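Participant: Compact mmCIF, C-alpha atoms, file target.txt:
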# COMPACT_ATOMS: atom_id res chain seq x y z
CA MET J 506 7.22 22.53 6.02
CA GLY J 507 7.92 22.44 2.30
CA THR J 508 5.62 22.13 -0.66
CA TYR J 509 4.83 18.77 -2.18
CA PRO J 510 3.71 19.35 -5.78
CA LEU J 511 3.57 15.68 -6.78
CA LEU J 512 1.68 14.71 -3.67
CA GLU J 513 -0.74 17.61 -4.00
CA SER J 514 -1.59 16.53 -7.56
CA ILE J 515 -2.93 13.11 -6.45
CA THR J 516 -6.67 12.76 -7.00
CA GLU J 517 -6.99 8.97 -6.94
CA PRO J 518 -6.38 6.45 -4.12
CA VAL J 519 -2.71 5.40 -4.13
CA VAL J 520 -1.08 2.40 -2.45
CA PHE J 521 2.59 2.99 -1.62
CA PHE J 522 4.60 -0.21 -1.25
CA ASP J 523 8.14 -1.54 -0.89
CA ALA J 524 9.03 -2.44 -4.48
CA GLN J 525 11.90 -4.68 -3.31
CA CYS J 526 9.76 -6.85 -1.05
CA LEU J 527 8.40 -9.98 -2.76
CA LEU J 528 5.40 -10.16 -0.41
CA CYS J 529 4.58 -6.53 -1.24
CA ASN J 530 4.99 -7.17 -4.99
CA ARG J 531 2.72 -10.21 -4.86
CA THR J 532 0.14 -8.28 -2.83
CA VAL J 533 0.14 -5.46 -5.40
CA GLN J 534 -0.28 -8.00 -8.20
CA PHE J 535 -3.27 -9.44 -6.34
CA LEU J 536 -4.75 -5.96 -5.82
CA LEU J 537 -4.30 -5.06 -9.50
CA HIS J 538 -6.31 -8.13 -10.50
CA ALA J 539 -8.91 -7.81 -7.73
CA ASP J 540 -9.56 -4.12 -8.46
CA ARG J 541 -12.05 -4.67 -11.27
CA LYS J 542 -13.04 -0.99 -11.40
CA ASN J 543 -9.41 0.22 -11.58
CA LYS J 544 -9.81 2.52 -8.58
CA LEU J 545 -6.37 1.95 -7.07
CA TYR J 546 -3.04 3.34 -8.23
CA PHE J 547 0.37 2.21 -7.00
CA ALA J 548 3.75 3.81 -6.30
CA GLY J 549 6.95 2.61 -4.73
CA LEU J 550 7.88 3.98 -1.33
CA LYS J 551 11.30 4.91 -2.74
CA SER J 552 9.82 6.82 -5.70
CA GLU J 553 9.84 10.62 -5.85
CA LEU J 554 6.15 10.62 -4.97
CA GLY J 555 6.78 8.19 -2.10
CA ASP J 556 9.63 10.36 -0.82
CA GLN J 557 7.32 13.38 -0.68
CA LEU J 558 4.66 11.41 1.20
CA VAL J 559 7.14 10.02 3.73
CA GLU J 560 8.64 13.46 4.31
CA LYS J 561 5.32 15.33 4.60
CA TYR J 562 3.74 12.87 7.05
CA ARG J 563 7.02 11.84 8.72
CA ILE J 564 6.31 8.16 8.19
CA LYS J 565 8.88 5.38 8.12
CA ASP J 566 9.32 4.16 4.57
CA ASP J 567 9.06 0.50 5.56
CA THR J 568 5.30 0.12 5.78
CA VAL J 569 2.38 0.05 3.40
CA ILE J 570 0.79 3.47 3.03
CA PHE J 571 -2.64 4.21 1.59
CA TYR J 572 -3.21 7.80 0.50
CA ASN J 573 -6.80 8.64 -0.36
CA LYS J 574 -8.46 12.06 -0.50
CA GLY J 575 -5.67 13.65 1.53
CA ILE J 576 -5.87 11.00 4.25
CA CYS J 577 -2.79 8.95 4.90
CA SER J 578 -3.27 5.48 6.47
CA ILE J 579 -0.50 3.10 7.47
CA LYS J 580 -0.03 -0.50 8.60
CA SER J 581 -3.20 -2.49 9.35
CA THR J 582 -5.48 0.52 8.84
CA ALA J 583 -4.02 0.98 5.34
CA PHE J 584 -4.58 -2.71 4.58
CA ILE J 585 -8.22 -2.57 5.68
CA SER J 586 -8.85 0.70 3.81
CA ILE J 587 -7.32 -0.74 0.63
CA THR J 588 -9.42 -3.90 0.72
CA CYS J 589 -12.58 -1.92 1.48
CA THR J 590 -11.92 0.14 -1.68
CA LEU J 591 -12.10 -3.04 -3.77
CA GLY J 592 -15.79 -3.62 -3.08
CA PHE J 593 -17.46 -7.01 -2.68
CA PRO J 594 -16.32 -9.43 -1.29
CA TYR J 595 -13.19 -7.67 -0.03
CA PHE J 596 -14.98 -4.88 1.85
CA ILE J 597 -15.96 -7.52 4.40
CA SER J 598 -12.54 -6.83 5.89
CA VAL J 599 -14.17 -3.77 7.49
CA VAL J 600 -14.97 -6.07 10.44
CA LEU J 601 -11.25 -6.02 11.25
CA TYR J 602 -11.80 -2.48 12.57
CA LEU J 603 -13.44 -4.19 15.57
CA ILE J 604 -10.00 -5.41 16.62
CA PRO J 605 -8.14 -2.71 18.56
CA ILE J 606 -5.51 -0.98 16.43
CA ARG J 607 -2.70 -1.90 18.84
CA ILE J 608 -3.44 -5.60 18.34
CA ARG J 609 -3.90 -5.25 14.55
CA ASP J 610 -0.64 -3.33 14.21
CA MET J 611 1.22 -5.76 16.47
CA PHE J 612 0.26 -8.56 14.05
CA TYR J 613 1.11 -6.34 11.05
CA ASP J 614 4.52 -5.44 12.54
CA TYR J 615 5.33 -9.12 13.14
CA ILE J 616 4.71 -9.95 9.49
CA ALA J 617 6.51 -6.80 8.30
CA ARG J 618 9.59 -7.60 10.38
CA ASN J 619 9.83 -11.10 8.89
CA ARG J 620 8.53 -10.52 5.35
CA GLN J 621 11.89 -10.55 3.60
CA LYS J 622 13.11 -13.57 5.56
CA TRP J 623 9.91 -15.52 4.75
CA PHE J 624 9.16 -14.30 1.21
CA GLY J 625 12.43 -12.89 -0.09
CA LYS J 626 13.65 -9.69 -1.66
CA THR J 627 14.26 -8.52 -5.21
CA ASP J 628 16.38 -5.75 -6.64
CA HIS J 629 13.55 -4.50 -8.86
CA CYS J 630 9.77 -4.24 -8.93
CA ILE J 631 8.20 -7.34 -10.51
CA ILE J 632 4.81 -5.84 -11.37
CA PRO J 633 4.03 -6.40 -15.09
CA VAL J 634 4.59 -2.76 -16.07
CA LYS J 635 3.28 -2.93 -19.64
CA ARG J 636 -0.07 -4.37 -18.63
CA PHE J 637 -0.64 -2.00 -15.71
CA LYS J 638 1.37 1.01 -16.91
CA ASP J 639 -1.51 3.45 -16.42
CA ARG J 640 -1.93 2.44 -12.74
CA LEU J 641 1.72 2.60 -11.68
CA LEU J 642 2.93 6.04 -10.64
CA SER J 643 6.55 7.13 -10.41
Just give me the structure of the file as structure tokens.
Facilitator:
Amino acid sequence: MGTYPLLESITEPVVFFDAQCLLCNRTVQFLLHADRKNKLYFAGLKSELGDQLVEKYRIKDDTVIFYNKGICSIKSTAFISITCTLGFPYFISVVLYLIPIRIRDMFYDYIARNRQKWFGKTDHCIIPVKRFKDRLLS
């Protein structure tokens, strides 16, 4: 196993997302506005940092990934962890942990499989970079 200098330098919670997916872009825009305490940082799955994460944890690069304090969460668990980080009222999503992970991930996978058909795709990230420059990692 190699070394991952960029990944090892992360000290803040980071959401890794598909920068070409319009649903993912819109979700990140929502999270940027909902995160009033600026706790979350964001990086594309296809970025150098994303590449290191995918390689180290051997994760497919087609799912949301939440990396926080050395813990890597994917799919529905990542979604719940991200919303819980936002505080009130979003942390109420913690009740979703009561649903078995197989059922949560089955629902997540259904949406993920159809996201580009339903919401579209772009050839570039549409997050307003200037406004959120300090929270977007490469």
Participant: Using all atoms listed in the file, find the one residue out of J:Asp614, J:Gly575, J:Ile597, J:Ile606 that sits nearest to Thr516 in chain J.
Facilitator: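 Closest residue, counting all atoms listed in the file: J:Gly575.
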Participant: If you count all atoms listed in the file, which residues fall within 6 Å of range 536-546 of chain J, apart from same-chain ones fewer than 3 positions away, as a compact mmCIF listing (two decimals) with C-alpha atoms, in the frame of the given file?
Facilitator:
# COMPACT_ATOMS: atom_id res chain seq x y z
CA PRO J 518 -6.38 6.45 -4.12
CA VAL J 519 -2.71 5.40 -4.13
CA VAL J 533 0.14 -5.46 -5.40
CA LEU J 591 -12.10 -3.04 -3.77
CA ARG J 640 -1.93 2.44 -12.74
CA LEU J 641 1.72 2.60 -11.68
Participant: Could you state the separation of CA of Tyr572 in chain J and CA of Phe584 in chain J in Å, given to one decimal place?
Facilitator: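 CA of Phe584 in chain J lies 11.4 Å from CA of Tyr572 in chain J.
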Participant: Counting all atoms listed in the file, figure out which residue out of J:Arg636, J:Cys589, J:Thr568, J:Val600 gets nearest to Tyr613 in chain J.
Facilitator: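 The closest residue to Tyr613 in chain J is J:Thr568.
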Participant: What gap, in Å, lies between CA of Ala548 in chain J and CA of Phe637 in chain J?
Facilitator: 11.9 Å
Participant: Have a look at CA of Leu528 in chain J and CA of Ala583 in chain J and let me know their distance in Å, one decimal.
Facilitator: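 It comes out at 15.7 Å.
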Participant: If you take every atom of range 546-553 of chain J that the file lists and fit an axis-aligned box around them with 5 Å extra on each side, what centre and edge lengths come out in Å to one decimal, as lines of an AutoDock Vina configuration file?
Facilitator:
center_x = 4.1
center_y = 6.4
center_z = -4.8
size_x = 24.3
size_y = 18.4
size_z = 16.9
Participant: I need range 544-613 of chain J from the structure I supplied, saved as a tab-separated table (two decimals), in the first residue's frame with C-alpha atoms retained.
Facilitator:
chain	number	residue	atom	x	y	z
J	544	LYS	CA	-17.62	22.72	8.77
J	545	LEU	CA	-17.73	20.86	5.45
J	546	TYR	CA	-15.21	20.93	2.63
J	547	PHE	CA	-15.74	19.51	-0.84
J	548	ALA	CA	-13.64	17.77	-3.50
J	549	GLY	CA	-14.41	16.09	-6.78
J	550	LEU	CA	-14.08	12.33	-6.95
J	551	LYS	CA	-11.86	12.76	-10.02
J	552	SER	CA	-9.52	15.22	-8.27
J	553	GLU	CA	-6.03	14.22	-7.13
J	554	LEU	CA	-7.31	14.05	-3.56
J	555	GLY	CA	-10.31	11.98	-4.68
J	556	ASP	CA	-8.03	9.62	-6.60
J	557	GLN	CA	-5.96	8.99	-3.46
J	558	LEU	CA	-9.08	8.30	-1.39
J	559	VAL	CA	-10.54	5.90	-3.97
J	560	GLU	CA	-7.23	4.06	-4.28
J	561	LYS	CA	-6.52	3.83	-0.54
J	562	TYR	CA	-9.99	2.55	0.41
J	563	ARG	CA	-10.62	0.70	-2.88
J	564	ILE	CA	-13.95	2.43	-3.38
J	565	LYS	CA	-15.75	2.87	-6.69
J	566	ASP	CA	-15.54	6.49	-7.77
J	567	ASP	CA	-19.25	6.70	-8.58
J	568	THR	CA	-20.66	7.28	-5.11
J	569	VAL	CA	-20.69	10.06	-2.56
J	570	ILE	CA	-17.89	9.66	-0.03
J	571	PHE	CA	-17.64	11.40	3.33
J	572	TYR	CA	-14.18	11.44	4.89
J	573	ASN	CA	-14.09	12.64	8.48
J	574	LYS	CA	-11.38	12.05	11.09
J	575	GLY	CA	-9.90	9.17	9.10
J	576	ILE	CA	-13.27	7.45	8.71
J	577	CYS	CA	-14.53	6.90	5.20
J	578	SER	CA	-18.32	6.56	4.72
J	579	ILE	CA	-20.07	5.84	1.45
J	580	LYS	CA	-23.58	5.78	-0.02
J	581	SER	CA	-26.47	6.24	2.44
J	582	THR	CA	-24.18	6.22	5.48
J	583	ALA	CA	-22.19	9.10	3.95
J	584	PHE	CA	-25.42	11.02	3.28
J	585	ILE	CA	-26.63	10.60	6.87
J	586	SER	CA	-23.21	11.48	8.31
J	587	ILE	CA	-23.02	14.62	6.16
J	588	THR	CA	-26.46	15.86	7.18
J	589	CYS	CA	-25.77	15.12	10.85
J	590	THR	CA	-22.66	17.34	10.60
J	591	LEU	CA	-24.88	20.29	9.62
J	592	GLY	CA	-26.61	20.48	12.99
J	593	PHE	CA	-30.25	21.42	13.57
J	594	PRO	CA	-32.60	20.64	11.85
J	595	TYR	CA	-30.61	18.37	9.53
J	596	PHE	CA	-29.20	16.09	12.24
J	597	ILE	CA	-32.71	14.67	12.57
J	598	SER	CA	-31.68	12.45	9.66
J	599	VAL	CA	-29.90	10.33	12.28
J	600	VAL	CA	-33.19	8.39	12.58
J	601	LEU	CA	-32.43	6.95	9.13
J	602	TYR	CA	-29.83	4.76	10.85
J	603	LEU	CA	-32.83	2.75	12.13
J	604	ILE	CA	-33.37	1.52	8.57
J	605	PRO	CA	-31.10	-1.45	7.81
J	606	ILE	CA	-28.12	-0.44	5.67
J	607	ARG	CA	-29.02	-2.92	2.93
J	608	ILE	CA	-32.39	-1.22	2.44
J	609	ARG	CA	-30.92	2.31	2.67
J	610	ASP	CA	-28.20	1.47	0.15
J	611	MET	CA	-30.67	-0.25	-2.18
J	612	PHE	CA	-32.63	3.03	-2.33
J	613	TYR	CA	-29.38	5.03	-2.70
